[in-house]
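Enquirer: For reference, the structure I am asking about is given below.
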Amino acid sequence: MNSIKEAKEKLQSLRTKTSFEKMVQVTAILTKLLEPHRIRPIIVGGLAVEIYTRGDYTTVDIDLIVSDREKAGQLLRQLGFTPSGRHWYHDELFVSVEILNDMLEDADDDKVIELKLEDGLHVYVIGIEDIILDRLRACVHWKSKSDCEWAKRMVLLHKERLDWAYMKQVAKKDGTSEQLEQWF
């Protein structure tokens with residue numbers, strides 16, 4: 001898929017897919033179109049949680065970090081998305097994309113993973129440690145019980161592969177180490 005026409009055809013084939021499949025595939029298509037411009041969109045937020053909880057958590061939109069919002073917007077428009085502030089909607093697919101920021105903040109770019117999909121497509125996802133730490137911050141600082149629950153679930157699901165030293169270091173800086181230690 002090297003053209004907008006091919007990308008739009010691929011989007012049309014997603015109509016019967018689940019919401020999760022649509023969101024991941026839309027991100028993969030956008031990734032494919034942005035990479036020749038040296039732009040790597042990164043999935044963060046709820047869709048990252050959904051990926052790392054293997055679908056236990058569900059979300060309704062795609063939260064992305066994209067270094068060139070303008071270029072991403074041009075491509076989304078060409079793909080049939082309609083803008084509304086930071087959000088882009090595709091009325092036929094019922095998919096929403098939100099471009100949150102132009103750089104990954106409070107996260108380690110080296111921990112971003114590449115998730116390979118069928119048809120040679122792929123997406124980039126914030127590292128598991130950083131999405132847990134993001135939810136941990138919401139848990140502690142915003143007193144969000146649901147974020148506490150999802151952070152803890154991801155810790156339990158992935159505890160064998162987590163970089164605990166990194167997590168402890170970051171948690172100490174952002175005032176969440178006490179909660180993290182309880183889960184450790």
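Each chain in the structure tokens gets a letter, A, B, ..., in the order shown, and its residues are numbered from 1; ligands are numbered from 1 in order too.
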Using backbone DSSP assignments, extract all strand (DSSP E or B) residues from range 19-122 of chain A; output them as a PDB file with all heavy atoms, in the first residue's frame.
Expert:
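result24.pdb was written with the following content:
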ATOM      1  N   ILE A  42       2.838   7.131  17.342  1.00  0.00           N
ATOM      2  CA  ILE A  42       2.915   6.199  18.474  1.00  0.00           C
ATOM      3  C   ILE A  42       1.560   6.153  19.173  1.00  0.00           C
ATOM      4  O   ILE A  42       1.017   7.180  19.568  1.00  0.00           O
ATOM      5  CB  ILE A  42       4.004   6.639  19.466  1.00  0.00           C
ATOM      6  CG1 ILE A  42       5.376   6.700  18.760  1.00  0.00           C
ATOM      7  CG2 ILE A  42       4.061   5.689  20.670  1.00  0.00           C
ATOM      8  CD1 ILE A  42       6.469   7.345  19.589  1.00  0.00           C
ATOM      9  N   ILE A  43       1.040   4.940  19.329  1.00  0.00           N
ATOM     10  CA  ILE A  43      -0.220   4.733  20.056  1.00  0.00           C
ATOM     11  C   ILE A  43       0.052   4.916  21.544  1.00  0.00           C
ATOM     12  O   ILE A  43       0.964   4.310  22.105  1.00  0.00           O
ATOM     13  CB  ILE A  43      -0.781   3.317  19.800  1.00  0.00           C
ATOM     14  CG1 ILE A  43      -1.131   3.122  18.323  1.00  0.00           C
ATOM     15  CG2 ILE A  43      -1.992   3.055  20.701  1.00  0.00           C
ATOM     16  CD1 ILE A  43      -1.489   1.689  17.955  1.00  0.00           C
ATOM     17  N   VAL A  44      -0.773   5.750  22.176  1.00  0.00           N
ATOM     18  CA  VAL A  44      -0.723   5.964  23.622  1.00  0.00           C
ATOM     19  C   VAL A  44      -2.157   5.860  24.138  1.00  0.00           C
ATOM     20  O   VAL A  44      -3.075   5.557  23.382  1.00  0.00           O
ATOM     21  CB  VAL A  44      -0.080   7.339  23.971  1.00  0.00           C
ATOM     22  CG1 VAL A  44       1.374   7.396  23.514  1.00  0.00           C
ATOM     23  CG2 VAL A  44      -0.865   8.494  23.370  1.00  0.00           C
ATOM     24  N   ILE A  62      -8.521   6.478  19.059  1.00  0.00           N
ATOM     25  CA  ILE A  62      -7.088   6.250  18.905  1.00  0.00           C
ATOM     26  C   ILE A  62      -6.384   7.516  19.375  1.00  0.00           C
ATOM     27  O   ILE A  62      -6.614   8.587  18.827  1.00  0.00           O
ATOM     28  CB  ILE A  62      -6.733   5.999  17.423  1.00  0.00           C
ATOM     29  CG1 ILE A  62      -7.542   4.849  16.844  1.00  0.00           C
ATOM     30  CG2 ILE A  62      -5.232   5.764  17.269  1.00  0.00           C
ATOM     31  CD1 ILE A  62      -7.521   4.802  15.315  1.00  0.00           C
ATOM     32  N   ASP A  63      -5.539   7.386  20.395  1.00  0.00           N
ATOM     33  CA  ASP A  63      -4.724   8.502  20.854  1.00  0.00           C
ATOM     34  C   ASP A  63      -3.326   8.311  20.283  1.00  0.00           C
ATOM     35  O   ASP A  63      -2.704   7.260  20.491  1.00  0.00           O
ATOM     36  CB  ASP A  63      -4.638   8.528  22.386  1.00  0.00           C
ATOM     37  CG  ASP A  63      -5.985   8.786  23.039  1.00  0.00           C
ATOM     38  OD1 ASP A  63      -6.746   9.609  22.509  1.00  0.00           O
ATOM     39  OD2 ASP A  63      -6.265   8.160  24.077  1.00  0.00           O
ATOM     40  N   LEU A  64      -2.856   9.322  19.557  1.00  0.00           N
ATOM     41  CA  LEU A  64      -1.554   9.229  18.898  1.00  0.00           C
ATOM     42  C   LEU A  64      -0.649  10.396  19.250  1.00  0.00           C
ATOM     43  O   LEU A  64      -1.117  11.517  19.445  1.00  0.00           O
ATOM     44  CB  LEU A  64      -1.722   9.222  17.372  1.00  0.00           C
ATOM     45  CG  LEU A  64      -2.378   8.019  16.719  1.00  0.00           C
ATOM     46  CD1 LEU A  64      -2.532   8.254  15.219  1.00  0.00           C
ATOM     47  CD2 LEU A  64      -1.582   6.758  16.985  1.00  0.00           C
ATOM     48  N   ILE A  65       0.632  10.101  19.274  1.00  0.00           N
ATOM     49  CA  ILE A  65       1.673  11.113  19.299  1.00  0.00           C
ATOM     50  C   ILE A  65       2.229  11.147  17.879  1.00  0.00           C
ATOM     51  O   ILE A  65       2.658  10.107  17.361  1.00  0.00           O
ATOM     52  CB  ILE A  65       2.796  10.752  20.299  1.00  0.00           C
ATOM     53  CG1 ILE A  65       2.246  10.566  21.713  1.00  0.00           C
ATOM     54  CG2 ILE A  65       3.912  11.797  20.250  1.00  0.00           C
ATOM     55  CD1 ILE A  65       1.631  11.787  22.341  1.00  0.00           C
ATOM     56  N   THR A  82     -12.791  13.662   9.043  1.00  0.00           N
ATOM     57  CA  THR A  82     -13.217  15.051   9.188  1.00  0.00           C
ATOM     58  C   THR A  82     -12.626  15.604  10.480  1.00  0.00           C
ATOM     59  O   THR A  82     -12.753  14.971  11.535  1.00  0.00           O
ATOM     60  CB  THR A  82     -14.760  15.129   9.257  1.00  0.00           C
ATOM     61  OG1 THR A  82     -15.296  14.485   8.109  1.00  0.00           O
ATOM     62  CG2 THR A  82     -15.228  16.561   9.327  1.00  0.00           C
ATOM     63  N   PRO A  83     -11.997  16.790  10.416  1.00  0.00           N
ATOM     64  CA  PRO A  83     -11.379  17.340  11.626  1.00  0.00           C
ATOM     65  C   PRO A  83     -12.369  18.050  12.533  1.00  0.00           C
ATOM     66  O   PRO A  83     -13.351  18.625  12.079  1.00  0.00           O
ATOM     67  CB  PRO A  83     -10.359  18.333  11.067  1.00  0.00           C
ATOM     68  CG  PRO A  83     -10.955  18.786   9.782  1.00  0.00           C
ATOM     69  CD  PRO A  83     -11.718  17.608   9.233  1.00  0.00           C
ATOM     70  N   SER A  84     -12.054  17.994  13.831  1.00  0.00           N
ATOM     71  CA  SER A  84     -12.759  18.771  14.835  1.00  0.00           C
ATOM     72  C   SER A  84     -11.779  18.988  15.979  1.00  0.00           C
ATOM     73  O   SER A  84     -11.634  18.133  16.850  1.00  0.00           O
ATOM     74  CB  SER A  84     -14.009  18.034  15.313  1.00  0.00           C
ATOM     75  OG  SER A  84     -14.642  18.774  16.338  1.00  0.00           O
ATOM     76  N   HIS A  87      -9.289  16.200  17.147  1.00  0.00           N
ATOM     77  CA  HIS A  87      -9.924  14.933  16.783  1.00  0.00           C
ATOM     78  C   HIS A  87     -10.202  14.869  15.287  1.00  0.00           C
ATOM     79  O   HIS A  87     -10.488  15.876  14.651  1.00  0.00           O
ATOM     80  CB  HIS A  87     -11.261  14.766  17.531  1.00  0.00           C
ATOM     81  CG  HIS A  87     -11.092  14.574  18.986  1.00  0.00           C
ATOM     82  ND1 HIS A  87     -10.975  15.629  19.871  1.00  0.00           N
ATOM     83  CD2 HIS A  87     -11.031  13.454  19.733  1.00  0.00           C
ATOM     84  CE1 HIS A  87     -10.849  15.157  21.087  1.00  0.00           C
ATOM     85  NE2 HIS A  87     -10.870  13.845  21.037  1.00  0.00           N
ATOM     86  N   TRP A  88     -10.163  13.652  14.778  1.00  0.00           N
ATOM     87  CA  TRP A  88     -10.504  13.365  13.384  1.00  0.00           C
ATOM     88  C   TRP A  88     -11.479  12.197  13.393  1.00  0.00           C
ATOM     89  O   TRP A  88     -11.242  11.192  14.075  1.00  0.00           O
ATOM     90  CB  TRP A  88      -9.236  12.979  12.609  1.00  0.00           C
ATOM     91  CG  TRP A  88      -8.297  14.119  12.454  1.00  0.00           C
ATOM     92  CD1 TRP A  88      -7.360  14.557  13.353  1.00  0.00           C
ATOM     93  CD2 TRP A  88      -8.207  14.989  11.331  1.00  0.00           C
ATOM     94  NE1 TRP A  88      -6.696  15.638  12.855  1.00  0.00           N
ATOM     95  CE2 TRP A  88      -7.190  15.919  11.606  1.00  0.00           C
ATOM     96  CE3 TRP A  88      -8.877  15.051  10.112  1.00  0.00           C
ATOM     97  CZ2 TRP A  88      -6.832  16.914  10.704  1.00  0.00           C
ATOM     98  CZ3 TRP A  88      -8.514  16.044   9.216  1.00  0.00           C
ATOM     99  CH2 TRP A  88      -7.512  16.956   9.519  1.00  0.00           C
ATOM    100  N   TYR A  89     -12.593  12.329  12.652  1.00  0.00           N
ATOM    101  CA  TYR A  89     -13.639  11.293  12.652  1.00  0.00           C
ATOM    102  C   TYR A  89     -13.831  10.730  11.247  1.00  0.00           C
ATOM    103  O   TYR A  89     -13.813  11.463  10.271  1.00  0.00           O
ATOM    104  CB  TYR A  89     -14.968  11.882  13.126  1.00  0.00           C
ATOM    105  CG  TYR A  89     -14.908  12.431  14.527  1.00  0.00           C
ATOM    106  CD1 TYR A  89     -14.721  13.788  14.753  1.00  0.00           C
ATOM    107  CD2 TYR A  89     -15.020  11.587  15.631  1.00  0.00           C
ATOM    108  CE1 TYR A  89     -14.655  14.299  16.045  1.00  0.00           C
ATOM    109  CE2 TYR A  89     -14.952  12.088  16.915  1.00  0.00           C
ATOM    110  CZ  TYR A  89     -14.772  13.447  17.119  1.00  0.00           C
ATOM    111  OH  TYR A  89     -14.694  13.934  18.390  1.00  0.00           O
ATOM    112  N   HIS A  90     -14.038   9.420  11.209  1.00  0.00           N
ATOM    113  CA  HIS A  90     -14.394   8.766   9.949  1.00  0.00           C
ATOM    114  C   HIS A  90     -15.817   8.254  10.131  1.00  0.00           C
ATOM    115  O   HIS A  90     -16.050   7.297  10.876  1.00  0.00           O
ATOM    116  CB  HIS A  90     -13.431   7.623   9.622  1.00  0.00           C
ATOM    117  CG  HIS A  90     -13.506   7.184   8.205  1.00  0.00           C
ATOM    118  ND1 HIS A  90     -14.568   6.467   7.699  1.00  0.00           N
ATOM    119  CD2 HIS A  90     -12.655   7.371   7.168  1.00  0.00           C
ATOM    120  CE1 HIS A  90     -14.357   6.213   6.426  1.00  0.00           C
ATOM    121  NE2 HIS A  90     -13.208   6.756   6.068  1.00  0.00           N
ATOM    122  N   VAL A  95     -14.640   5.586  13.468  1.00  0.00           N
ATOM    123  CA  VAL A  95     -13.319   5.618  14.087  1.00  0.00           C
ATOM    124  C   VAL A  95     -12.950   7.073  14.349  1.00  0.00           C
ATOM    125  O   VAL A  95     -13.154   7.936  13.506  1.00  0.00           O
ATOM    126  CB  VAL A  95     -12.250   4.953  13.175  1.00  0.00           C
ATOM    127  CG1 VAL A  95     -10.852   5.178  13.705  1.00  0.00           C
ATOM    128  CG2 VAL A  95     -12.528   3.463  13.037  1.00  0.00           C
ATOM    129  N   SER A  96     -12.378   7.306  15.528  1.00  0.00           N
ATOM    130  CA  SER A  96     -11.945   8.635  15.926  1.00  0.00           C
ATOM    131  C   SER A  96     -10.456   8.586  16.255  1.00  0.00           C
ATOM    132  O   SER A  96      -9.996   7.686  16.955  1.00  0.00           O
ATOM    133  CB  SER A  96     -12.735   9.074  17.158  1.00  0.00           C
ATOM    134  OG  SER A  96     -12.222  10.272  17.670  1.00  0.00           O
ATOM    135  N   VAL A  97      -9.726   9.574  15.745  1.00  0.00           N
ATOM    136  CA  VAL A  97      -8.296   9.701  16.012  1.00  0.00           C
ATOM    137  C   VAL A  97      -8.075  11.025  16.724  1.00  0.00           C
ATOM    138  O   VAL A  97      -8.596  12.055  16.291  1.00  0.00           O
ATOM    139  CB  VAL A  97      -7.474   9.691  14.692  1.00  0.00           C
ATOM    140  CG1 VAL A  97      -5.992   9.918  14.979  1.00  0.00           C
ATOM    141  CG2 VAL A  97      -7.698   8.402  13.914  1.00  0.00           C
ATOM    142  N   GLU A  98      -7.315  10.986  17.808  1.00  0.00           N
ATOM    143  CA  GLU A  98      -6.932  12.221  18.488  1.00  0.00           C
ATOM    144  C   GLU A  98      -5.412  12.314  18.480  1.00  0.00           C
ATOM    145  O   GLU A  98      -4.726  11.396  18.937  1.00  0.00           O
ATOM    146  CB  GLU A  98      -7.443  12.257  19.923  1.00  0.00           C
ATOM    147  CG  GLU A  98      -7.083  13.555  20.617  1.00  0.00           C
ATOM    148  CD  GLU A  98      -7.610  13.665  22.038  1.00  0.00           C
ATOM    149  OE1 GLU A  98      -8.235  12.718  22.537  1.00  0.00           O
ATOM    150  OE2 GLU A  98      -7.390  14.727  22.640  1.00  0.00           O
ATOM    151  N   ILE A  99      -4.913  13.407  17.934  1.00  0.00           N
ATOM    152  CA  ILE A  99      -3.474  13.648  17.936  1.00  0.00           C
ATOM    153  C   ILE A  99      -3.181  14.504  19.163  1.00  0.00           C
ATOM    154  O   ILE A  99      -3.500  15.682  19.200  1.00  0.00           O
ATOM    155  CB  ILE A  99      -3.008  14.307  16.628  1.00  0.00           C
ATOM    156  CG1 ILE A  99      -3.349  13.383  15.450  1.00  0.00           C
ATOM    157  CG2 ILE A  99      -1.511  14.599  16.695  1.00  0.00           C
ATOM    158  CD1 ILE A  99      -3.042  13.947  14.091  1.00  0.00           C
ATOM    159  N   LEU A 100      -2.615  13.864  20.172  1.00  0.00           N
ATOM    160  CA  LEU A 100      -2.434  14.502  21.471  1.00  0.00           C
ATOM    161  C   LEU A 100      -1.287  15.487  21.512  1.00  0.00           C
ATOM    162  O   LEU A 100      -1.382  16.530  22.128  1.00  0.00           O
ATOM    163  CB  LEU A 100      -2.200  13.441  22.545  1.00  0.00           C
ATOM    164  CG  LEU A 100      -3.342  12.460  22.772  1.00  0.00           C
ATOM    165  CD1 LEU A 100      -2.908  11.371  23.721  1.00  0.00           C
ATOM    166  CD2 LEU A 100      -4.555  13.184  23.302  1.00  0.00           C
ATOM    167  N   ASN A 101      -0.176  15.113  20.915  1.00  0.00           N
ATOM    168  CA  ASN A 101       1.032  15.892  21.081  1.00  0.00           C
ATOM    169  C   ASN A 101       1.959  15.618  19.913  1.00  0.00           C
ATOM    170  O   ASN A 101       1.733  14.687  19.140  1.00  0.00           O
ATOM    171  CB  ASN A 101       1.706  15.505  22.404  1.00  0.00           C
ATOM    172  CG  ASN A 101       2.417  16.668  23.051  1.00  0.00           C
ATOM    173  OD1 ASN A 101       2.833  17.601  22.379  1.00  0.00           O
ATOM    174  ND2 ASN A 101       2.563  16.599  24.366  1.00  0.00           N
ATOM    175  N   ILE A 113       7.390  -0.036  21.378  1.00  0.00           N
ATOM    176  CA  ILE A 113       7.485  -1.318  20.676  1.00  0.00           C
ATOM    177  C   ILE A 113       6.860  -1.209  19.286  1.00  0.00           C
ATOM    178  O   ILE A 113       5.994  -0.371  19.045  1.00  0.00           O
ATOM    179  CB  ILE A 113       6.806  -2.468  21.451  1.00  0.00           C
ATOM    180  CG1 ILE A 113       5.290  -2.253  21.555  1.00  0.00           C
ATOM    181  CG2 ILE A 113       7.446  -2.672  22.814  1.00  0.00           C
ATOM    182  CD1 ILE A 113       4.507  -3.505  21.847  1.00  0.00           C
ATOM    183  N   GLU A 114       7.317  -2.057  18.407  1.00  0.00           N
ATOM    184  CA  GLU A 114       6.726  -2.185  17.080  1.00  0.00           C
ATOM    185  C   GLU A 114       5.886  -3.448  17.091  1.00  0.00           C
ATOM    186  O   GLU A 114       6.386  -4.532  17.405  1.00  0.00           O
ATOM    187  CB  GLU A 114       7.809  -2.283  16.004  1.00  0.00           C
ATOM    188  CG  GLU A 114       7.245  -2.459  14.612  1.00  0.00           C
ATOM    189  CD  GLU A 114       8.317  -2.645  13.555  1.00  0.00           C
ATOM    190  OE1 GLU A 114       9.514  -2.717  13.896  1.00  0.00           O
ATOM    191  OE2 GLU A 114       7.946  -2.722  12.375  1.00  0.00           O
ATOM    192  N   LEU A 115       4.607  -3.306  16.788  1.00  0.00           N
ATOM    193  CA  LEU A 115       3.692  -4.438  16.742  1.00  0.00           C
ATOM    194  C   LEU A 115       3.426  -4.758  15.277  1.00  0.00           C
ATOM    195  O   LEU A 115       2.855  -3.946  14.550  1.00  0.00           O
ATOM    196  CB  LEU A 115       2.394  -4.064  17.465  1.00  0.00           C
ATOM    197  CG  LEU A 115       1.326  -5.112  17.637  1.00  0.00           C
ATOM    198  CD1 LEU A 115       1.845  -6.287  18.459  1.00  0.00           C
ATOM    199  CD2 LEU A 115       0.108  -4.501  18.323  1.00  0.00           C
ATOM    200  N   LYS A 116       3.895  -5.918  14.839  1.00  0.00           N
ATOM    201  CA  LYS A 116       3.743  -6.306  13.441  1.00  0.00           C
ATOM    202  C   LYS A 116       2.373  -6.932  13.221  1.00  0.00           C
ATOM    203  O   LYS A 116       1.931  -7.763  14.001  1.00  0.00           O
ATOM    204  CB  LYS A 116       4.847  -7.274  13.042  1.00  0.00           C
ATOM    205  CG  LYS A 116       6.219  -6.630  13.063  1.00  0.00           C
ATOM    206  CD  LYS A 116       7.304  -7.603  12.636  1.00  0.00           C
ATOM    207  CE  LYS A 116       8.670  -7.042  12.839  1.00  0.00           C
ATOM    208  NZ  LYS A 116       9.103  -6.052  11.916  1.00  0.00           N
ATOM    209  N   HIS A 122       2.399  -2.416  10.342  1.00  0.00           N
ATOM    210  CA  HIS A 122       2.803  -2.409  11.746  1.00  0.00           C
ATOM    211  C   HIS A 122       2.376  -1.096  12.397  1.00  0.00           C
ATOM    212  O   HIS A 122       2.033  -0.139  11.706  1.00  0.00           O
ATOM    213  CB  HIS A 122       4.319  -2.606  11.887  1.00  0.00           C
ATOM    214  CG  HIS A 122       5.106  -1.544  11.205  1.00  0.00           C
ATOM    215  ND1 HIS A 122       5.504  -1.629   9.903  1.00  0.00           N
ATOM    216  CD2 HIS A 122       5.558  -0.346  11.638  1.00  0.00           C
ATOM    217  CE1 HIS A 122       6.168  -0.548   9.557  1.00  0.00           C
ATOM    218  NE2 HIS A 122       6.213   0.266  10.603  1.00  0.00           N
TER     219      HIS A 122
END
Enquirer: With only C-alpha atoms counted and 8 Å as the cut-off, give the residues of range 73-169 of chain A in contact with range 51-58 of chain A, each with its shortest interatomic distance in Å and the pair that gives it, as a Markdown table.
Expert:
| residue | atom | partner | partner_atom | distance |
| --- | --- | --- | --- | --- |
| A:Ile128 | CA | A:Tyr52 | CA | 7.1 |
| A:Trp150 | CA | A:Tyr57 | CA | 7.8 |
| A:Arg153 | CA | A:Thr53 | CA | 7.5 |
| A:Met154 | CA | A:Thr53 | CA | 6.3 |
| A:Leu157 | CA | A:Thr53 | CA | 7.4 |
Enquirer: What's the separation between CA of Leu180 in chain A and CA of Met167 in chain A, in Å to one decimal place?
Expert: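 Distance between the two atoms: 8.3 Å.
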Enquirer: Mind giving me the straight-line distance from CA of Phe94 in chain A to CA of Gly80 in chain A in Å, one decimal?
Expert: 11.5 Å
Enquirer: May I have the residues within 9 Å of Val26 in chain A as a CSV table (one decimal) with all heavy atoms, in the first residue's frame, using only C-alpha atoms and disregarding those fewer than 4 positions away in the same chain?
Expert:
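Output below, filename around.csv:
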chain,number,residue,atom,x,y,z
A,10,LYS,N,-8.1,-0.2,1.5
A,10,LYS,CA,-7.9,-1.0,2.7
A,10,LYS,C,-8.9,-0.5,3.8
A,10,LYS,O,-9.4,-1.4,4.5
A,10,LYS,CB,-6.5,-0.8,3.1
A,10,LYS,CG,-6.1,-1.5,4.4
A,10,LYS,CD,-6.0,-3.0,4.2
A,10,LYS,CE,-5.4,-3.6,5.5
A,10,LYS,NZ,-5.6,-5.0,5.5
A,11,LEU,N,-9.1,0.8,3.9
A,11,LEU,CA,-10.1,1.3,4.9
A,11,LEU,C,-11.5,0.7,4.6
A,11,LEU,O,-12.2,0.3,5.6
A,11,LEU,CB,-10.1,2.8,4.9
A,11,LEU,CG,-8.9,3.5,5.5
A,11,LEU,CD1,-9.2,5.1,5.4
A,11,LEU,CD2,-8.7,3.2,7.0
A,14,LEU,N,-12.4,-2.6,6.0
A,14,LEU,CA,-12.4,-2.7,7.5
A,14,LEU,C,-13.9,-2.6,8.0
A,14,LEU,O,-14.1,-2.8,9.2
A,14,LEU,CB,-11.6,-1.6,8.1
A,14,LEU,CG,-10.1,-1.6,7.8
A,14,LEU,CD1,-9.4,-0.4,8.5
A,14,LEU,CD2,-9.4,-2.9,8.2
A,21,GLU,N,-10.0,-3.9,15.9
A,21,GLU,CA,-9.3,-4.2,14.6
A,21,GLU,C,-9.3,-2.9,13.7
A,21,GLU,O,-8.3,-2.6,13.1
A,21,GLU,CB,-10.0,-5.3,13.9
A,21,GLU,CG,-9.9,-6.7,14.6
A,21,GLU,CD,-10.7,-7.8,14.0
A,21,GLU,OE1,-11.9,-7.5,13.6
A,21,GLU,OE2,-10.2,-8.9,13.8
A,22,LYS,N,-10.4,-2.2,13.7
A,22,LYS,CA,-10.5,-1.0,12.9
A,22,LYS,C,-9.4,0.0,13.4
A,22,LYS,O,-8.7,0.6,12.6
A,22,LYS,CB,-11.9,-0.4,12.9
A,22,LYS,CG,-12.9,-1.1,12.1
A,22,LYS,CD,-14.2,-0.3,12.3
A,22,LYS,CE,-15.4,-1.1,11.8
A,22,LYS,NZ,-16.7,-0.5,12.1
A,30,LEU,N,-2.1,4.7,8.6
A,30,LEU,CA,-1.6,6.0,8.8
A,30,LEU,C,0.0,5.9,9.0
A,30,LEU,O,0.7,6.7,8.4
A,30,LEU,CB,-2.2,6.7,9.9
A,30,LEU,CG,-1.8,8.2,10.2
A,30,LEU,CD1,-2.1,9.0,9.0
A,30,LEU,CD2,-2.5,8.7,11.4
A,31,THR,N,0.4,4.9,9.7
A,31,THR,CA,1.8,4.7,9.9
A,31,THR,C,2.5,4.5,8.6
A,31,THR,O,3.6,5.1,8.3
A,31,THR,CB,2.1,3.5,10.9
A,31,THR,OG1,1.5,3.8,12.1
A,31,THR,CG2,3.6,3.2,11.1
A,62,ILE,N,-8.5,6.5,19.1
A,62,ILE,CA,-7.1,6.3,18.9
A,62,ILE,C,-6.4,7.5,19.4
A,62,ILE,O,-6.6,8.6,18.8
A,62,ILE,CB,-6.7,6.0,17.4
A,62,ILE,CG1,-7.5,4.8,16.8
A,62,ILE,CG2,-5.2,5.8,17.3
A,62,ILE,CD1,-7.5,4.8,15.3
A,95,VAL,N,-14.6,5.6,13.5
A,95,VAL,CA,-13.3,5.6,14.1
A,95,VAL,C,-12.9,7.1,14.3
A,95,VAL,O,-13.2,7.9,13.5
A,95,VAL,CB,-12.3,5.0,13.2
A,95,VAL,CG1,-10.9,5.2,13.7
A,95,VAL,CG2,-12.5,3.5,13.0
Enquirer: Nearest to Arg137 in chain A: which of A:Asp119, A:Glu178, A:Asp61, A:Glu70 is it, counting only C-alpha atoms?
Expert: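 Checking each candidate against Arg137 in chain A, we get A:Glu178 as the closest.
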Enquirer: Nearest residue to Glu6 in chain A out of A:Lys168, A:Ser177, A:Cys148, A:Lys32, using only C-alpha atoms?
Expert: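 The answer is A:Lys32, which sits nearest to Glu6 in chain A.
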Enquirer: Taking only C-alpha atoms into account, which of A:Trp183, A:Val66, A:Val155, A:Val60 comes nearest Tyr124 in chain A?
Expert: A:Val66
Enquirer: Select, from A:Lys145, A:Lys159, A:Lys111, A:Arg69, the residue with the minimum atom-to-atom distance to Asp130 in chain A, counting only C-alpha atoms.
Expert: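 Of A:Lys145, A:Lys159, A:Lys111, A:Arg69, the one nearest Asp130 in chain A, counting only C-alpha atoms, is A:Lys111.
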Enquirer: Mind checking which residues fall within 9 Å of Ala72 in chain A, counting only C-alpha atoms, ignoring those fewer than 4 positions away in the same chain, and posting them as a ChimeraX atom specification?
Expert: /A:30,33-34,39,41,66-68,76-77,99
Enquirer: Residues of chain A in helix (DSSP H, G or I) according to DSSP, as a ChimeraX atom specification?
Expert: /A:4-12,19-37,45-52,69-78,109-111,118-120,128-141,145-158,164-173,177-183
Enquirer: Mind pulling up the distance from CA of Asp174 in chain A to CA of Ala107 in chain A?
Expert: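 Computed distance, CA of Ala107 in chain A to CA of Asp174 in chain A, equals 12.0 Å.
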